[in-house]
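Written out below as C-alpha cells is the structure these notes cover.
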Amino acid sequence: MSTPPATTPRALSPRGVVRARRRAARGRFLADYRRQRAGVIGVGILVAFTAVALLAPVLFPAGMLEVTKATGGTLQPPSAGYPLGTDETGRSVLALVVWGARVSLLVGIAATVISMAIGTLVGIGSGHYGSWPGAVLERVTDWFLVIPFLPLAIVLSTVLGSSLLNVIVVIGVTSWPGTARLVRAQTLSVEARPYLERARVLGGGHWHQMSRHVLPNVMPLVLANTTLTVAIAILSETTLSFLGLGDPFRVSWGSMLDNAFAAGAISAGAWWYLLPPGICVVIVVLAFTLVGRALENVLDPRSQER
C-alpha cells in the first residue's frame, strides 16, 4: 500500500506575507507591552475612566445636572444620598464628576488628534525639504515655540468664544510645536538612510518618500508622544475652564474647580467639592503618562531600563 505524497505548504502571496509580518509584529508588541507593569496599570485606569464616561447617562440621568431639579442642600457634606456631597446649587458632586469625565476626555483626545496631525505634517515637511519650504516650516515652528502657550490659548479662546469646539481647536493649534520638533529630528535621521537615497534615484517623488518611507518610521515616536500630549491637553482644558474660558453649558473637571472657587468652597471647608475633580485630573494625567512611558520602552528598546 503506497503512502500519499507529502503536501508542501502553499506559498503565500506578497500581501499574505505582509499580513503575516504585521500579525507577528502586533503579537511581539503586545507581549512586550504586557511586561511593562506600569503601562498595564495605566491602560486599566484609562479603561475604567472611559467606561464610566460612556455610562454617565445610565448612571446619572442628564436631568441631575440641571440646577432647577437639584434636590440637595447647599454644599452639603457627603452622605448616603450624596456620596461626594453637593455643590452650591444642591447638585450631586458625584454626578458632576462622572459627566465631567466625558468632556475632559473628549477635549483631551480630540485636541491631541489635531495637535498630532499638525505636528507630524510640519515636522516631516521641515525635515524632508531642504530648501525654502523646510526653512519656512521650521521658522513657523520656532515662532510658536517662543510664544508662551497659556497666554496664546487665552487670547484665542477670548477671540473665538467659549464653546467646546473652540476649546478643542485652541488647544490643538497651540500644542503641536513640540511634536513637530521631535518628528523633524527623527525625519532628518530617516532621510540619511540608504533606502531613501535609493528611492530618490529610482524616481520616487516627495510625497512617495514622505508617505511610504518617512512616515512609517516616525509613527512609533508619534504614538508614544500622543499619550503624553493627551495629558497636556487635559491639563490645558482644566486650566482654561478654571479661568472661565470653557464651555459654560457643559460640565468638566475644570469648570467644577472654577465653580467651587467662585462659590467659596475653600473658605467654607467644602473639600468634597474641590478634591474629586482635582484628583480625577491627576489620576488620568498620570495614567496617560504611564502609558506613554511604556510605549517609549516598547517602541525604542534602547530606552528600556537594564
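Residue numbering restarts at 1 in every chain; chains get A, B, ... in the order shown in the C-alpha cells, and ligands count up from 1 in that same order.
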
DSSP on the backbone, alpha helix (DSSP H) only: what residues of region 38-287 of chain A does that give? Format it as a VMD selection string. chain A and resid 38 to 54 56 to 59 93 to 128 132 to 146 149 to 160 164 to 174 177 to 191 194 to 201 206 to 209 215 to 242 253 to 262 265 to 268 271 to 287

Closest pair table for region 88-122 of chain A residues within 9 Å of region 276-285 of chain A, only C-alpha atoms, as a tab-separated table:
```
residue	atom	partner	partner_atom	distance
A:Val93	CA	A:Pro276	CA	8.2
A:Leu94	CA	A:Pro276	CA	8.2
A:Leu96	CA	A:Pro277	CA	8.8
A:Val97	CA	A:Pro277	CA	6.1
A:Gly100	CA	A:Pro277	CA	8.2
A:Ala101	CA	A:Cys280	CA	8.3
A:Ser104	CA	A:Val281	CA	8.7
A:Leu105	CA	A:Val284	CA	8.9
```

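Nearest residue to Gln76 (chain A) among A:Arg293, A:Arg91, A:Arg21, A:His128 is A:Arg91, counting only C-alpha atoms.
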
Got a sec: who's within 9 Å of Val218 (chain A), counting only C-alpha atoms, leaving out chain neighbours fewer than 6 positions off, as a ChimeraX atom specification? /A:120,124,183,186-187,190

Output N, CA, C and O atoms of each residue in that selection to a file, as an mmCIF file, in the first residue's frame.
```
data_model
loop_
_atom_site.group_PDB
_atom_site.id
_atom_site.type_symbol
_atom_site.label_atom_id
_atom_site.label_comp_id
_atom_site.auth_asym_id
_atom_site.auth_seq_id
_atom_site.Cartn_x
_atom_site.Cartn_y
_atom_site.Cartn_z
ATOM 1 N N THR A 120 2.917 66.380 13.059
ATOM 2 C CA THR A 120 3.532 65.374 12.186
ATOM 3 C C THR A 120 3.749 65.909 10.788
ATOM 4 O O THR A 120 4.824 65.731 10.189
ATOM 5 N N ILE A 124 7.561 66.461 9.418
ATOM 6 C CA ILE A 124 8.062 65.720 8.254
ATOM 7 C C ILE A 124 8.416 66.675 7.122
ATOM 8 O O ILE A 124 9.452 66.513 6.458
ATOM 9 N N VAL A 183 9.417 65.142 15.579
ATOM 10 C CA VAL A 183 9.252 64.472 14.294
ATOM 11 C C VAL A 183 10.306 64.955 13.300
ATOM 12 O O VAL A 183 10.837 64.160 12.506
ATOM 13 N N GLN A 186 13.564 63.130 13.988
ATOM 14 C CA GLN A 186 13.503 61.754 13.514
ATOM 15 C C GLN A 186 13.514 61.691 11.994
ATOM 16 O O GLN A 186 14.105 60.775 11.397
ATOM 17 N N THR A 187 12.857 62.657 11.344
ATOM 18 C CA THR A 187 12.838 62.689 9.881
ATOM 19 C C THR A 187 14.241 62.898 9.317
ATOM 20 O O THR A 187 14.631 62.258 8.325
ATOM 21 N N VAL A 190 15.967 59.614 9.426
ATOM 22 C CA VAL A 190 15.490 58.684 8.400
ATOM 23 C C VAL A 190 15.979 59.102 7.016
ATOM 24 O O VAL A 190 16.319 58.248 6.177
#
```

Give me the residues near Trp99 (chain A) as a PyMOL selection string, where near means some atom within 8 Å (using only C-alpha atoms) and where sequence neighbours in that chain fewer than 4 positions away do not count. chain A and resi 53+56+95+103+251-252

Output of the above residues as a PDB file, in the first residue's frame, restricted to N, CA and C atoms:
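Saved as again.pdb:
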```pdb
ATOM      1  N   ALA A  53     -17.227  57.248  31.812  1.00  0.00           N
ATOM      2  CA  ALA A  53     -17.671  58.374  30.991  1.00  0.00           C
ATOM      3  C   ALA A  53     -18.753  57.948  30.004  1.00  0.00           C
ATOM      4  N   ALA A  56     -22.147  57.400  31.739  1.00  0.00           N
ATOM      5  CA  ALA A  56     -22.661  58.523  32.531  1.00  0.00           C
ATOM      6  C   ALA A  56     -24.166  58.723  32.389  1.00  0.00           C
ATOM      7  N   ALA A  95     -22.276  63.038  40.447  1.00  0.00           N
ATOM      8  CA  ALA A  95     -22.836  63.112  39.094  1.00  0.00           C
ATOM      9  C   ALA A  95     -22.049  64.095  38.239  1.00  0.00           C
ATOM     10  N   VAL A 103     -16.442  65.277  29.030  1.00  0.00           N
ATOM     11  CA  VAL A 103     -15.915  66.476  28.372  1.00  0.00           C
ATOM     12  C   VAL A 103     -14.392  66.513  28.440  1.00  0.00           C
ATOM     13  N   VAL A 251     -20.405  70.466  31.715  1.00  0.00           N
ATOM     14  CA  VAL A 251     -19.678  70.217  32.957  1.00  0.00           C
ATOM     15  C   VAL A 251     -18.361  69.517  32.637  1.00  0.00           C
ATOM     16  N   SER A 252     -17.272  70.062  33.132  1.00  0.00           N
ATOM     17  CA  SER A 252     -15.967  69.418  33.027  1.00  0.00           C
ATOM     18  C   SER A 252     -15.287  69.527  34.384  1.00  0.00           C
TER      19      SER A 252
END
```

Let me make sure I understand: among A:Ser163, A:Asn297, A:Ser92, A:Ser255, which one has the smallest atom-to-atom distance to Thr238 (chain A) if we use only C-alpha atoms? A:Ser255

Find the residues near Val169 (chain A): any atom within 9 Å, counting only C-alpha atoms, skip ones fewer than 5 places away on the same chain, and give them as JSON, numbers by chain. {"A": [110, 111, 114, 164, 174]}

Could you take the residues named above and write them with all heavy atoms, as a CSV table (one decimal), in the first residue's frame?
```
chain,number,residue,atom,x,y,z
A,110,ALA,N,-9.5,64.7,21.3
A,110,ALA,CA,-9.8,65.4,20.1
A,110,ALA,C,-8.7,66.5,19.8
A,110,ALA,O,-8.2,66.6,18.7
A,110,ALA,CB,-11.1,66.1,20.1
A,111,ALA,N,-8.3,67.2,20.9
A,111,ALA,CA,-7.3,68.2,20.7
A,111,ALA,C,-5.9,67.6,20.4
A,111,ALA,O,-5.1,68.1,19.6
A,111,ALA,CB,-7.1,69.1,22.0
A,114,ILE,N,-5.7,66.7,16.7
A,114,ILE,CA,-5.4,67.9,15.9
A,114,ILE,C,-3.9,68.3,16.0
A,114,ILE,O,-3.2,68.6,15.1
A,114,ILE,CB,-6.3,69.1,16.3
A,114,ILE,CG1,-7.7,68.8,16.0
A,114,ILE,CG2,-5.8,70.4,15.6
A,114,ILE,CD1,-8.7,69.9,16.5
A,164,LEU,N,-17.2,74.3,23.4
A,164,LEU,CA,-16.4,73.0,23.4
A,164,LEU,C,-15.6,72.9,22.2
A,164,LEU,O,-14.4,72.6,22.3
A,164,LEU,CB,-17.3,71.8,23.6
A,164,LEU,CG,-16.6,70.5,23.8
A,164,LEU,CD1,-15.8,70.5,25.1
A,164,LEU,CD2,-17.7,69.4,23.8
A,174,THR,N,-2.3,75.1,19.4
A,174,THR,CA,-1.3,75.7,20.2
A,174,THR,C,-0.3,74.7,20.8
A,174,THR,O,0.7,75.1,21.4
A,174,THR,CB,-1.9,76.6,21.3
A,174,THR,OG1,-2.8,75.8,22.1
A,174,THR,CG2,-2.6,77.8,20.7
```

Which residues, written as number ranges by chain, have at least one atom at most 10 Å from Val173 (chain A), with only C-alpha atoms counted and residues fewer than 2 positions away on the same chain left out? A: 111-112, 114-119, 144, 153, 156, 168-171, 175-177
